[in-house]
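Enquirer: So here's entry.cif, just mmCIF, C-alpha atoms:
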data_entry
#
loop_
_atom_site.label_atom_id
_atom_site.label_comp_id
_atom_site.auth_asym_id
_atom_site.auth_seq_id
_atom_site.Cartn_x
_atom_site.Cartn_y
_atom_site.Cartn_z
CA MET L 136 56.65 95.90 44.21
CA LEU L 137 58.22 94.90 40.91
CA ARG L 138 56.72 97.87 39.07
CA GLY L 139 58.28 100.30 41.54
CA LEU L 140 61.68 98.63 41.39
CA LYS L 141 61.68 98.58 37.61
CA ALA L 142 61.10 102.32 37.40
CA GLY L 143 63.79 103.15 39.98
CA PHE L 144 61.05 104.26 42.36
CA SER L 145 60.75 103.20 45.98
CA LEU L 146 58.11 104.36 48.42
CA ASN L 147 59.23 106.52 51.31
CA ALA L 148 59.35 104.47 54.54
CA ARG L 149 57.12 106.84 56.52
CA LEU L 150 54.45 106.97 53.82
CA GLU L 151 54.58 103.16 53.72
CA SER L 152 54.17 102.75 57.48
CA ASP L 153 51.43 105.40 57.91
CA SER L 154 49.19 104.25 55.04
CA ASP L 155 47.92 101.12 53.27
CA PRO L 156 47.73 100.38 49.54
CA VAL L 157 44.31 100.76 47.87
CA MET L 158 45.11 100.39 44.14
CA TRP L 159 47.35 101.41 41.28
CA LEU L 160 46.15 104.29 39.12
CA GLY L 161 47.91 105.16 35.84
CA LEU L 162 50.66 107.34 37.33
CA CYS L 163 50.08 107.07 41.07
CA GLU L 164 49.74 104.50 43.77
CA LEU L 165 46.59 105.30 45.77
CA ARG L 166 46.94 104.68 49.50
CA LEU L 167 44.63 105.08 52.51
CA MET L 168 46.11 106.99 55.45
CA ASN L 169 45.73 104.77 58.49
CA ASP L 170 43.95 107.45 60.51
CA SER L 171 40.29 106.83 61.27
CA ARG L 172 39.62 110.47 62.21
CA TRP L 173 39.13 111.46 58.56
CA PRO L 174 38.70 109.55 55.28
CA TRP L 175 42.16 110.45 53.97
CA LEU L 176 43.76 109.29 50.74
CA ILE L 177 47.24 109.80 49.36
CA LEU L 178 48.38 109.65 45.73
CA ILE L 179 52.07 108.98 45.13
CA PRO L 180 53.32 109.43 41.56
CA GLN L 181 55.59 106.48 40.71
CA ARG L 182 58.48 108.63 39.59
CA PRO L 183 61.87 108.68 41.32
CA ASP L 184 63.37 111.81 42.91
CA ILE L 185 60.38 114.13 42.47
CA VAL L 186 59.77 116.69 45.23
CA GLU L 187 57.54 119.40 43.73
CA ILE L 188 54.54 118.95 41.42
CA HIS L 189 56.26 121.30 38.97
CA ASP L 190 59.23 118.88 38.82
CA LEU L 191 56.98 116.42 36.96
CA THR L 192 56.81 116.50 33.16
CA PRO L 193 53.79 118.37 31.76
CA LEU L 194 52.20 115.03 30.80
CA ASP L 195 52.68 113.65 34.31
CA GLN L 196 51.25 116.89 35.74
CA ALA L 197 48.14 116.39 33.63
CA MET L 198 47.91 112.74 34.70
CA LEU L 199 48.26 113.69 38.36
CA THR L 200 45.48 116.27 37.99
CA PHE L 201 43.22 113.73 36.30
CA GLU L 202 43.86 111.04 38.92
CA THR L 203 43.58 113.46 41.87
CA ASN L 204 40.24 114.76 40.66
CA MET L 205 38.93 111.26 39.94
CA VAL L 206 39.83 110.24 43.51
CA SER L 207 38.40 113.47 44.92
CA GLN L 208 35.08 112.94 43.15
CA ALA L 209 34.86 109.29 44.29
CA LEU L 210 35.74 110.23 47.87
CA LYS L 211 33.04 112.90 47.92
CA ALA L 212 30.49 110.45 46.47
CA VAL L 213 31.35 107.69 48.96
CA THR L 214 31.50 109.89 52.07
CA GLY L 215 28.98 112.63 51.23
CA CYS L 216 31.44 115.01 52.90
CA THR L 217 31.01 118.79 53.15
CA LYS L 218 34.37 119.65 51.57
CA ILE L 219 37.35 117.97 49.97
CA ASN L 220 40.76 119.21 51.16
CA THR L 221 43.59 118.66 48.70
CA GLY L 222 47.22 119.46 49.36
CA ALA L 223 50.84 118.73 48.54
CA LEU L 224 53.01 119.93 51.43
CA GLY L 225 56.04 117.65 51.84
CA ASN L 226 57.63 119.60 54.69
CA ILE L 227 58.30 116.33 56.54
CA VAL L 228 58.29 113.68 53.79
CA ARG L 229 59.88 115.14 50.64
CA GLN L 230 58.82 112.41 48.21
CA LEU L 231 55.96 113.98 46.22
CA HIS L 232 52.57 112.88 47.53
CA VAL L 233 49.14 114.48 47.21
CA HIS L 234 46.59 114.36 50.03
CA VAL L 235 42.84 114.12 49.34
CA ILE L 236 40.78 114.30 52.52
CA ALA L 237 37.02 114.26 53.19
CA ARG L 238 36.05 116.95 55.72
CA ASN L 239 32.88 117.64 57.69
CA GLU L 240 31.77 120.40 60.06
CA ASP L 241 31.90 118.09 63.09
CA ASP L 242 35.23 116.38 62.39
CA PRO L 243 38.41 116.82 64.51
CA GLY L 244 40.05 120.19 63.91
CA TRP L 245 37.38 121.62 61.59
CA PRO L 246 37.75 124.14 59.94
CA GLY L 247 41.53 123.90 60.39
CA PRO L 248 43.77 121.60 58.33
CA VAL L 249 44.32 117.95 59.29
CA TRP L 250 48.10 118.06 58.98
CA GLY L 251 49.82 118.19 62.36
CA HIS L 252 46.50 117.93 64.22
CA GLY L 253 46.67 115.67 67.30
CA VAL L 254 47.61 112.01 67.17
CA ARG L 255 46.85 109.49 64.42
CA GLN L 256 44.11 107.00 65.34
CA PRO L 257 44.62 103.75 63.39
CA TYR L 258 41.60 101.93 61.92
CA ALA L 259 40.44 98.53 63.02
CA PRO L 260 41.73 96.39 60.09
CA ALA L 261 38.28 95.35 58.79
CA GLU L 262 37.12 98.97 58.85
CA ALA L 263 39.97 100.18 56.61
CA HIS L 264 39.45 97.29 54.23
CA GLY L 265 35.70 97.98 53.98
CA PHE L 266 36.29 101.64 53.22
CA ALA L 267 38.91 100.85 50.57
CA GLU L 268 36.49 98.45 48.86
CA LYS L 269 33.71 101.06 48.75
CA LEU L 270 36.12 103.57 47.28
CA LYS L 271 37.40 101.17 44.62
CA ALA L 272 33.81 100.47 43.59
CA ALA L 273 33.26 104.23 43.11
CA LEU L 274 36.43 104.73 41.05
CA MET D 812 36.31 144.22 37.63
CA LEU D 813 34.52 144.21 34.26
CA ARG D 814 35.94 140.84 33.30
CA GLY D 815 34.60 139.27 36.47
CA LEU D 816 31.18 140.85 36.07
CA LYS D 817 30.93 139.76 32.46
CA ALA D 818 31.51 136.12 33.37
CA GLY D 819 29.04 136.15 36.27
CA PHE D 820 31.97 135.78 38.65
CA SER D 821 32.54 137.87 41.74
CA LEU D 822 35.41 137.50 44.16
CA ASN D 823 34.55 136.35 47.67
CA ALA D 824 34.68 139.29 50.13
CA ARG D 825 37.09 137.62 52.54
CA LEU D 826 39.54 136.64 49.78
CA GLU D 827 39.35 140.21 48.52
CA SER D 828 40.08 141.77 51.93
CA ASP D 829 42.88 139.34 52.91
CA SER D 830 44.84 139.52 49.65
CA ASP D 831 45.93 141.94 46.90
CA PRO D 832 45.79 141.47 43.12
CA VAL D 833 49.04 140.57 41.36
CA MET D 834 47.95 139.80 37.80
CA TRP D 835 45.47 137.95 35.59
CA LEU D 836 46.54 134.54 34.33
CA GLY D 837 44.51 132.74 31.64
CA LEU D 838 41.92 131.15 33.94
CA CYS D 839 42.81 132.55 37.35
CA GLU D 840 43.36 135.81 39.09
CA LEU D 841 46.66 135.64 40.95
CA ARG D 842 46.63 137.39 44.35
CA LEU D 843 49.19 137.89 47.13
CA MET D 844 47.99 137.00 50.62
CA ASN D 845 48.59 140.04 52.80
CA ASP D 846 50.59 138.09 55.38
CA SER D 847 54.29 138.86 55.60
CA ARG D 848 55.06 135.69 57.54
CA TRP D 849 55.25 133.62 54.36
CA PRO D 850 55.38 134.40 50.62
CA TRP D 851 51.83 133.20 49.96
CA LEU D 852 49.96 133.32 46.67
CA ILE D 853 46.37 132.46 45.81
CA LEU D 854 44.94 131.50 42.43
CA ILE D 855 41.20 132.01 41.96
CA PRO D 856 39.65 130.50 38.82
CA GLN D 857 37.27 133.07 37.30
CA ARG D 858 34.33 130.72 37.15
CA PRO D 859 31.10 131.26 39.09
CA ASP D 860 29.80 128.77 41.68
CA ILE D 861 32.77 126.40 41.73
CA VAL D 862 33.64 124.81 45.08
CA GLU D 863 35.78 121.73 44.31
CA ILE D 864 38.55 121.41 41.73
CA HIS D 865 36.67 118.44 40.27
CA ASP D 866 33.66 120.75 39.64
CA LEU D 867 35.72 122.50 36.92
CA THR D 868 35.55 121.22 33.34
CA PRO D 869 38.48 118.98 32.32
CA LEU D 870 39.93 121.84 30.25
CA ASP D 871 39.73 124.24 33.20
CA GLN D 872 41.31 121.60 35.43
CA ALA D 873 44.24 121.36 33.01
CA MET D 874 44.51 125.17 32.88
CA LEU D 875 44.48 125.39 36.67
CA THR D 876 47.25 122.78 36.88
CA PHE D 877 49.31 124.65 34.31
CA GLU D 878 48.87 128.02 36.02
CA THR D 879 49.44 126.62 39.53
CA ASN D 880 52.68 124.97 38.51
CA MET D 881 53.88 128.05 36.64
CA VAL D 882 53.27 130.13 39.77
CA SER D 883 54.85 127.49 41.99
CA GLN D 884 58.01 127.41 39.87
CA ALA D 885 58.26 131.21 39.80
CA LEU D 886 57.71 131.44 43.57
CA LYS D 887 60.44 128.89 44.21
CA ALA D 888 62.82 130.73 41.86
CA VAL D 889 62.14 134.13 43.43
CA THR D 890 62.29 133.00 47.07
CA GLY D 891 64.76 130.09 46.92
CA CYS D 892 62.48 128.38 49.45
CA THR D 893 62.97 124.86 50.79
CA LYS D 894 59.51 123.61 49.86
CA ILE D 895 56.38 124.74 48.09
CA ASN D 896 53.11 123.98 49.87
CA THR D 897 50.07 123.77 47.60
CA GLY D 898 46.53 123.27 48.78
CA ALA D 899 42.85 123.77 48.11
CA LEU D 900 40.95 123.55 51.39
CA GLY D 901 37.93 125.87 51.32
CA ASN D 902 36.61 124.92 54.76
CA ILE D 903 36.05 128.60 55.56
CA VAL D 904 35.80 130.29 52.13
CA ARG D 905 33.96 127.96 49.74
CA GLN D 906 34.76 129.79 46.50
CA LEU D 907 37.47 127.66 44.86
CA HIS D 908 40.96 129.05 45.47
CA VAL D 909 44.36 127.38 45.39
CA HIS D 910 47.14 128.33 47.80
CA VAL D 911 50.81 128.29 46.76
CA ILE D 912 53.14 129.06 49.65
CA ALA D 913 56.93 129.26 49.97
CA ARG D 914 58.14 127.46 53.11
CA ASN D 915 61.49 127.39 54.92
CA GLU D 916 62.83 125.47 57.91
CA ASP D 917 62.93 128.59 60.09
CA ASP D 918 59.53 130.05 59.18
CA PRO D 919 56.56 130.33 61.58
CA GLY D 920 54.91 126.98 62.20
CA TRP D 921 57.39 124.86 60.20
CA PRO D 922 56.92 121.96 59.44
CA GLY D 923 53.20 122.37 60.13
CA PRO D 924 50.76 123.96 57.66
CA VAL D 925 50.24 127.74 57.49
CA TRP D 926 46.43 127.58 57.55
CA GLY D 927 45.03 128.51 60.93
CA HIS D 928 48.49 129.30 62.34
CA GLY D 929 48.55 132.39 64.58
CA VAL D 930 47.55 135.85 63.41
CA ARG D 931 48.03 137.39 59.96
CA GLN D 932 50.82 140.02 59.84
CA PRO D 933 50.11 142.50 57.03
CA TYR D 934 52.96 143.74 54.82
CA ALA D 935 54.16 147.30 54.71
CA PRO D 936 52.61 148.45 51.38
CA ALA D 937 55.92 148.98 49.54
CA GLU D 938 57.13 145.56 50.61
CA ALA D 939 54.13 143.73 49.12
CA HIS D 940 54.40 145.75 45.91
CA GLY D 941 58.11 144.96 45.56
CA PHE D 942 57.51 141.26 46.03
CA ALA D 943 54.66 141.23 43.50
CA GLU D 944 56.90 142.95 40.94
CA LYS D 945 59.69 140.39 41.39
CA LEU D 946 57.19 137.59 40.99
CA LYS D 947 55.67 139.08 37.84
CA ALA D 948 59.15 139.35 36.33
CA ALA D 949 59.71 135.64 37.00
CA LEU D 950 56.39 134.58 35.47
#
In structure tokens, write the structure found in this file.
Expert:
Amino acid sequence: MLRGLKAGFSLNARLESDSDPVMWLGLCELRLMNDSRWPWLILIPQRPDIVEIHDLTPLDQAMLTFETNMVSQALKAVTGCTKINTGALGNIVRQLHVHVIARNEDDPGWPGPVWGHGVRQPYAPAEAHGFAEKLKAAL
Amino acid sequence: MLRGLKAGFSLNARLESDSDPVMWLGLCELRLMNDSRWPWLILIPQRPDIVEIHDLTPLDQAMLTFETNMVSQALKAVTGCTKINTGALGNIVRQLHVHVIARNEDDPGWPGPVWGHGVRQPYAPAEAHGFAEKLKAAL
């Protein structure tokens, strides 16, 4: 990841192992959480040493909002989900990352949050790839 | 709430009963969740019939980002918390509202999310008022 190295940014190891790259946005790398229970995306701003959204510059905050909402809209269009859940928690992984998740009334844990719910169920590889392609087409 | 009525906006009944008003921001009403387990704020954009953040106009999205981060920074300053948790879920209450919560390693449910965790523990009235005053001073 030359771009990451150049900017002094490196992706947290746990985020890297739990998710797969989808595409680069302007500020963020967009990744797909490797958990087939919910369509679950993560945006990671490519800025070093940022923990809270309010640690970003005002311009980066605006970019993050724009990119998060673009992803949220595409995810809702592709999945036809009941509700988008968005969150930045970071209690376990401190590197700033924003979750965008498609939720439905019959999904695991509804109406509770997805974080900390049960055990991750990895995709079959072709399944994750197919979903990522549909999402990219909608973006 | 004349302002709310004028704009065709009315606060969801559950949000109203579970939280207390702190102040008006530019776009949002800022409210304190009446749960003493965590310092927990809610921003509600005063726009009728909005469910997802991406349903807001781009200008309102920028305003919401600005106000959320202002509140987040003030909450971190006032509480000295380890981590801010921010989220917009809406699986139960569909009216758009953004949570900003101060989290610490020894708080209930750490490092899991607060949503759906146990039973709400209301503040003693003076305690909630004192906290709201400190927060307003920091904003």
Enquirer: Which residue out of L:Arg172, L:Lys211, L:Arg149, L:Lys218 has the minimum interatomic distance to chain D when only C-alpha atoms are used?
Expert: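 Looking at the shortest contact to chain D, the residue is L:Lys218.
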Enquirer: Residues of chain D that approach chain L to 8 Å or less, counting all atoms listed in the file: could you list each one with the shortest pair of atoms and its distance in Å to one decimal, rows by chain and increasing residue number, as a Markdown table?
Expert:
| residue | atom | partner | partner_atom | distance |
| --- | --- | --- | --- | --- |
| D:Glu863 | CA | L:Ile219 | CA | 7.0 |
| D:Ile864 | CA | L:Asn204 | CA | 6.9 |
| D:His865 | CA | L:Asn204 | CA | 5.1 |
| D:Gln872 | CA | L:Thr200 | CA | 7.2 |
| D:Ala873 | CA | L:Ala197 | CA | 6.3 |
| D:Thr876 | CA | L:Thr200 | CA | 6.8 |
| D:Asn880 | CA | L:His189 | CA | 5.1 |
| D:Met881 | CA | L:His189 | CA | 7.5 |
| D:Ser883 | CA | L:His189 | CA | 7.0 |
| D:Gln884 | CA | L:His189 | CA | 6.4 |
| D:Lys894 | CA | L:Asn226 | CA | 6.6 |
| D:Ile895 | CA | L:Leu224 | CA | 6.8 |
| D:Asn896 | CA | L:Leu224 | CA | 4.3 |
| D:Thr897 | CA | L:Ala223 | CA | 5.2 |
| D:Gly898 | CA | L:Gly222 | CA | 3.9 |
| D:Ala899 | CA | L:Thr221 | CA | 5.2 |
| D:Leu900 | CA | L:Asn220 | CA | 4.4 |
| D:Gly901 | CA | L:Lys218 | CA | 7.2 |
| D:Asn902 | CA | L:Pro246 | CA | 5.4 |
| D:Ile903 | CA | L:Pro246 | CA | 6.5 |
| D:Trp921 | CA | L:Asn226 | CA | 7.6 |
| D:Pro922 | CA | L:Asn226 | CA | 5.4 |
| D:Gly923 | CA | L:Gly251 | CA | 5.8 |
| D:Pro924 | CA | L:Trp250 | CA | 6.6 |
| D:Trp926 | CA | L:Pro248 | CA | 6.6 |
| D:Gly927 | CA | L:Gly247 | CA | 5.8 |
Enquirer: Given the PyMOL selection byres ((chain D and resi 931) around 8) and the file above, list the residues it selects as an mmCIF file with C-alpha atoms, in the coordinates of the input.
Expert:
data_model
loop_
_atom_site.group_PDB
_atom_site.id
_atom_site.type_symbol
_atom_site.label_atom_id
_atom_site.label_comp_id
_atom_site.auth_asym_id
_atom_site.auth_seq_id
_atom_site.Cartn_x
_atom_site.Cartn_y
_atom_site.Cartn_z
ATOM 1 C CA ASN D 845 48.590 140.040 52.800
ATOM 2 C CA ASP D 846 50.590 138.090 55.380
ATOM 3 C CA SER D 847 54.290 138.860 55.600
ATOM 4 C CA ARG D 848 55.060 135.690 57.540
ATOM 5 C CA GLY D 929 48.550 132.390 64.580
ATOM 6 C CA VAL D 930 47.550 135.850 63.410
ATOM 7 C CA GLN D 932 50.820 140.020 59.840
ATOM 8 C CA PRO D 933 50.110 142.500 57.030
#
Enquirer: Both chains have the same sequence, so match all Cα atoms in order, fit chain L onto chain D by least squares, and return it as a PDB file with C-alpha atoms, in the frame of the given file.
Expert:
ATOM      1  CA  MET L 136      36.387 144.237  37.461  1.00  0.00           C
ATOM      2  CA  LEU L 137      34.529 144.195  34.159  1.00  0.00           C
ATOM      3  CA  ARG L 138      35.906 140.783  33.201  1.00  0.00           C
ATOM      4  CA  GLY L 139      34.593 139.252  36.422  1.00  0.00           C
ATOM      5  CA  LEU L 140      31.171 140.842  36.054  1.00  0.00           C
ATOM      6  CA  LYS L 141      30.849 139.727  32.457  1.00  0.00           C
ATOM      7  CA  ALA L 142      31.458 136.096  33.359  1.00  0.00           C
ATOM      8  CA  GLY L 143      29.008 136.137  36.288  1.00  0.00           C
ATOM      9  CA  PHE L 144      31.954 135.775  38.652  1.00  0.00           C
ATOM     10  CA  SER L 145      32.547 137.893  41.731  1.00  0.00           C
ATOM     11  CA  LEU L 146      35.400 137.503  44.177  1.00  0.00           C
ATOM     12  CA  ASN L 147      34.557 136.352  47.675  1.00  0.00           C
ATOM     13  CA  ALA L 148      34.686 139.298  50.116  1.00  0.00           C
ATOM     14  CA  ARG L 149      37.106 137.621  52.532  1.00  0.00           C
ATOM     15  CA  LEU L 150      39.539 136.630  49.787  1.00  0.00           C
ATOM     16  CA  GLU L 151      39.351 140.226  48.531  1.00  0.00           C
ATOM     17  CA  SER L 152      40.074 141.767  51.934  1.00  0.00           C
ATOM     18  CA  ASP L 153      42.875 139.340  52.924  1.00  0.00           C
ATOM     19  CA  SER L 154      44.848 139.520  49.660  1.00  0.00           C
ATOM     20  CA  ASP L 155      45.922 141.936  46.912  1.00  0.00           C
ATOM     21  CA  PRO L 156      45.785 141.490  43.133  1.00  0.00           C
ATOM     22  CA  VAL L 157      49.055 140.568  41.377  1.00  0.00           C
ATOM     23  CA  MET L 158      47.936 139.784  37.796  1.00  0.00           C
ATOM     24  CA  TRP L 159      45.475 137.964  35.590  1.00  0.00           C
ATOM     25  CA  LEU L 160      46.524 134.543  34.327  1.00  0.00           C
ATOM     26  CA  GLY L 161      44.503 132.731  31.635  1.00  0.00           C
ATOM     27  CA  LEU L 162      41.918 131.153  33.951  1.00  0.00           C
ATOM     28  CA  CYS L 163      42.810 132.553  37.363  1.00  0.00           C
ATOM     29  CA  GLU L 164      43.345 135.824  39.103  1.00  0.00           C
ATOM     30  CA  LEU L 165      46.664 135.634  40.977  1.00  0.00           C
ATOM     31  CA  ARG L 166      46.624 137.376  44.351  1.00  0.00           C
ATOM     32  CA  LEU L 167      49.187 137.889  47.131  1.00  0.00           C
ATOM     33  CA  MET L 168      47.987 136.997  50.630  1.00  0.00           C
ATOM     34  CA  ASN L 169      48.595 140.039  52.796  1.00  0.00           C
ATOM     35  CA  ASP L 170      50.575 138.085  55.384  1.00  0.00           C
ATOM     36  CA  SER L 171      54.278 138.858  55.603  1.00  0.00           C
ATOM     37  CA  ARG L 172      55.072 135.675  57.557  1.00  0.00           C
ATOM     38  CA  TRP L 173      55.263 133.604  54.361  1.00  0.00           C
ATOM     39  CA  PRO L 174      55.388 134.406  50.628  1.00  0.00           C
ATOM     40  CA  TRP L 175      51.841 133.195  49.957  1.00  0.00           C
ATOM     41  CA  LEU L 176      49.958 133.327  46.675  1.00  0.00           C
ATOM     42  CA  ILE L 177      46.380 132.466  45.819  1.00  0.00           C
ATOM     43  CA  LEU L 178      44.934 131.508  42.429  1.00  0.00           C
ATOM     44  CA  ILE L 179      41.198 132.012  41.968  1.00  0.00           C
ATOM     45  CA  PRO L 180      39.655 130.503  38.829  1.00  0.00           C
ATOM     46  CA  GLN L 181      37.283 133.080  37.308  1.00  0.00           C
ATOM     47  CA  ARG L 182      34.336 130.730  37.153  1.00  0.00           C
ATOM     48  CA  PRO L 183      31.106 131.261  39.096  1.00  0.00           C
ATOM     49  CA  ASP L 184      29.787 128.793  41.693  1.00  0.00           C
ATOM     50  CA  ILE L 185      32.759 126.409  41.736  1.00  0.00           C
ATOM     51  CA  VAL L 186      33.634 124.814  45.087  1.00  0.00           C
ATOM     52  CA  GLU L 187      35.764 121.743  44.310  1.00  0.00           C
ATOM     53  CA  ILE L 188      38.551 121.419  41.728  1.00  0.00           C
ATOM     54  CA  HIS L 189      36.659 118.454  40.275  1.00  0.00           C
ATOM     55  CA  ASP L 190      33.656 120.751  39.640  1.00  0.00           C
ATOM     56  CA  LEU L 191      35.708 122.488  36.930  1.00  0.00           C
ATOM     57  CA  THR L 192      35.555 121.241  33.339  1.00  0.00           C
ATOM     58  CA  PRO L 193      38.470 118.989  32.331  1.00  0.00           C
ATOM     59  CA  LEU L 194      39.929 121.850  30.259  1.00  0.00           C
ATOM     60  CA  ASP L 195      39.731 124.249  33.201  1.00  0.00           C
ATOM     61  CA  GLN L 196      41.319 121.587  35.432  1.00  0.00           C
ATOM     62  CA  ALA L 197      44.232 121.370  33.015  1.00  0.00           C
ATOM     63  CA  MET L 198      44.505 125.169  32.886  1.00  0.00           C
ATOM     64  CA  LEU L 199      44.479 125.395  36.677  1.00  0.00           C
ATOM     65  CA  THR L 200      47.251 122.788  36.884  1.00  0.00           C
ATOM     66  CA  PHE L 201      49.326 124.654  34.310  1.00  0.00           C
ATOM     67  CA  GLU L 202      48.876 128.028  36.019  1.00  0.00           C
ATOM     68  CA  THR L 203      49.437 126.629  39.536  1.00  0.00           C
ATOM     69  CA  ASN L 204      52.679 124.974  38.506  1.00  0.00           C
ATOM     70  CA  MET L 205      53.877 128.064  36.635  1.00  0.00           C
ATOM     71  CA  VAL L 206      53.271 130.145  39.781  1.00  0.00           C
ATOM     72  CA  SER L 207      54.857 127.486  41.990  1.00  0.00           C
ATOM     73  CA  GLN L 208      58.008 127.400  39.868  1.00  0.00           C
ATOM     74  CA  ALA L 209      58.277 131.220  39.807  1.00  0.00           C
ATOM     75  CA  LEU L 210      57.716 131.439  43.563  1.00  0.00           C
ATOM     76  CA  LYS L 211      60.445 128.877  44.203  1.00  0.00           C
ATOM     77  CA  ALA L 212      62.831 130.726  41.859  1.00  0.00           C
ATOM     78  CA  VAL L 213      62.150 134.130  43.443  1.00  0.00           C
ATOM     79  CA  THR L 214      62.293 132.995  47.080  1.00  0.00           C
ATOM     80  CA  GLY L 215      64.768 130.095  46.913  1.00  0.00           C
ATOM     81  CA  CYS L 216      62.490 128.379  49.436  1.00  0.00           C
ATOM     82  CA  THR L 217      62.988 124.853  50.799  1.00  0.00           C
ATOM     83  CA  LYS L 218      59.518 123.596  49.852  1.00  0.00           C
ATOM     84  CA  ILE L 219      56.391 124.743  48.071  1.00  0.00           C
ATOM     85  CA  ASN L 220      53.111 123.977  49.870  1.00  0.00           C
ATOM     86  CA  THR L 221      50.075 123.782  47.609  1.00  0.00           C
ATOM     87  CA  GLY L 222      46.525 123.275  48.789  1.00  0.00           C
ATOM     88  CA  ALA L 223      42.839 123.767  48.094  1.00  0.00           C
ATOM     89  CA  LEU L 224      40.938 123.544  51.386  1.00  0.00           C
ATOM     90  CA  GLY L 225      37.925 125.882  51.330  1.00  0.00           C
ATOM     91  CA  ASN L 226      36.608 124.925  54.766  1.00  0.00           C
ATOM     92  CA  ILE L 227      36.055 128.614  55.570  1.00  0.00           C
ATOM     93  CA  VAL L 228      35.797 130.290  52.148  1.00  0.00           C
ATOM     94  CA  ARG L 229      33.965 127.954  49.747  1.00  0.00           C
ATOM     95  CA  GLN L 230      34.779 129.789  46.514  1.00  0.00           C
ATOM     96  CA  LEU L 231      37.479 127.644  44.869  1.00  0.00           C
ATOM     97  CA  HIS L 232      40.954 129.046  45.484  1.00  0.00           C
ATOM     98  CA  VAL L 233      44.365 127.378  45.382  1.00  0.00           C
ATOM     99  CA  HIS L 234      47.143 128.324  47.801  1.00  0.00           C
ATOM    100  CA  VAL L 235      50.818 128.288  46.756  1.00  0.00           C
ATOM    101  CA  ILE L 236      53.143 129.067  49.650  1.00  0.00           C
ATOM    102  CA  ALA L 237      56.945 129.259  49.954  1.00  0.00           C
ATOM    103  CA  ARG L 238      58.161 127.464  53.097  1.00  0.00           C
ATOM    104  CA  ASN L 239      61.496 127.370  54.907  1.00  0.00           C
ATOM    105  CA  GLU L 240      62.839 125.457  57.908  1.00  0.00           C
ATOM    106  CA  ASP L 241      62.937 128.589  60.080  1.00  0.00           C
ATOM    107  CA  ASP L 242      59.538 130.047  59.173  1.00  0.00           C
ATOM    108  CA  PRO L 243      56.555 130.324  61.587  1.00  0.00           C
ATOM    109  CA  GLY L 244      54.914 126.956  62.194  1.00  0.00           C
ATOM    110  CA  TRP L 245      57.396 124.845  60.209  1.00  0.00           C
ATOM    111  CA  PRO L 246      56.919 121.945  59.452  1.00  0.00           C
ATOM    112  CA  GLY L 247      53.189 122.364  60.125  1.00  0.00           C
ATOM    113  CA  PRO L 248      50.752 123.950  57.655  1.00  0.00           C
ATOM    114  CA  VAL L 249      50.238 127.725  57.489  1.00  0.00           C
ATOM    115  CA  TRP L 250      46.447 127.578  57.550  1.00  0.00           C
ATOM    116  CA  GLY L 251      45.023 128.517  60.939  1.00  0.00           C
ATOM    117  CA  HIS L 252      48.485 129.291  62.340  1.00  0.00           C
ATOM    118  CA  GLY L 253      48.548 132.391  64.578  1.00  0.00           C
ATOM    119  CA  VAL L 254      47.553 135.846  63.409  1.00  0.00           C
ATOM    120  CA  ARG L 255      48.044 137.387  59.963  1.00  0.00           C
ATOM    121  CA  GLN L 256      50.820 140.001  59.837  1.00  0.00           C
ATOM    122  CA  PRO L 257      50.104 142.501  57.032  1.00  0.00           C
ATOM    123  CA  TYR L 258      52.964 143.738  54.823  1.00  0.00           C
ATOM    124  CA  ALA L 259      54.169 147.295  54.721  1.00  0.00           C
ATOM    125  CA  PRO L 260      52.607 148.448  51.395  1.00  0.00           C
ATOM    126  CA  ALA L 261      55.921 148.990  49.551  1.00  0.00           C
ATOM    127  CA  GLU L 262      57.128 145.548  50.623  1.00  0.00           C
ATOM    128  CA  ALA L 263      54.114 143.748  49.114  1.00  0.00           C
ATOM    129  CA  HIS L 264      54.393 145.758  45.925  1.00  0.00           C
ATOM    130  CA  GLY L 265      58.116 144.973  45.582  1.00  0.00           C
ATOM    131  CA  PHE L 266      57.511 141.265  46.038  1.00  0.00           C
ATOM    132  CA  ALA L 267      54.666 141.238  43.506  1.00  0.00           C
ATOM    133  CA  GLU L 268      56.900 142.962  40.942  1.00  0.00           C
ATOM    134  CA  LYS L 269      59.695 140.406  41.404  1.00  0.00           C
ATOM    135  CA  LEU L 270      57.201 137.599  40.988  1.00  0.00           C
ATOM    136  CA  LYS L 271      55.669 139.082  37.837  1.00  0.00           C
ATOM    137  CA  ALA L 272      59.149 139.382  36.341  1.00  0.00           C
ATOM    138  CA  ALA L 273      59.705 135.649  36.996  1.00  0.00           C
ATOM    139  CA  LEU L 274      56.378 134.584  35.467  1.00  0.00           C
TER     140      LEU L 274
END
Enquirer: What do you get, as a PyMOL selection string, if you spell out every residue that the PyMOL selection byres ((chain L and resi 146) around 12) selects here?
Expert: chain L and resi 136+138-140+142-145+147-156+163-166+178-185+228-232
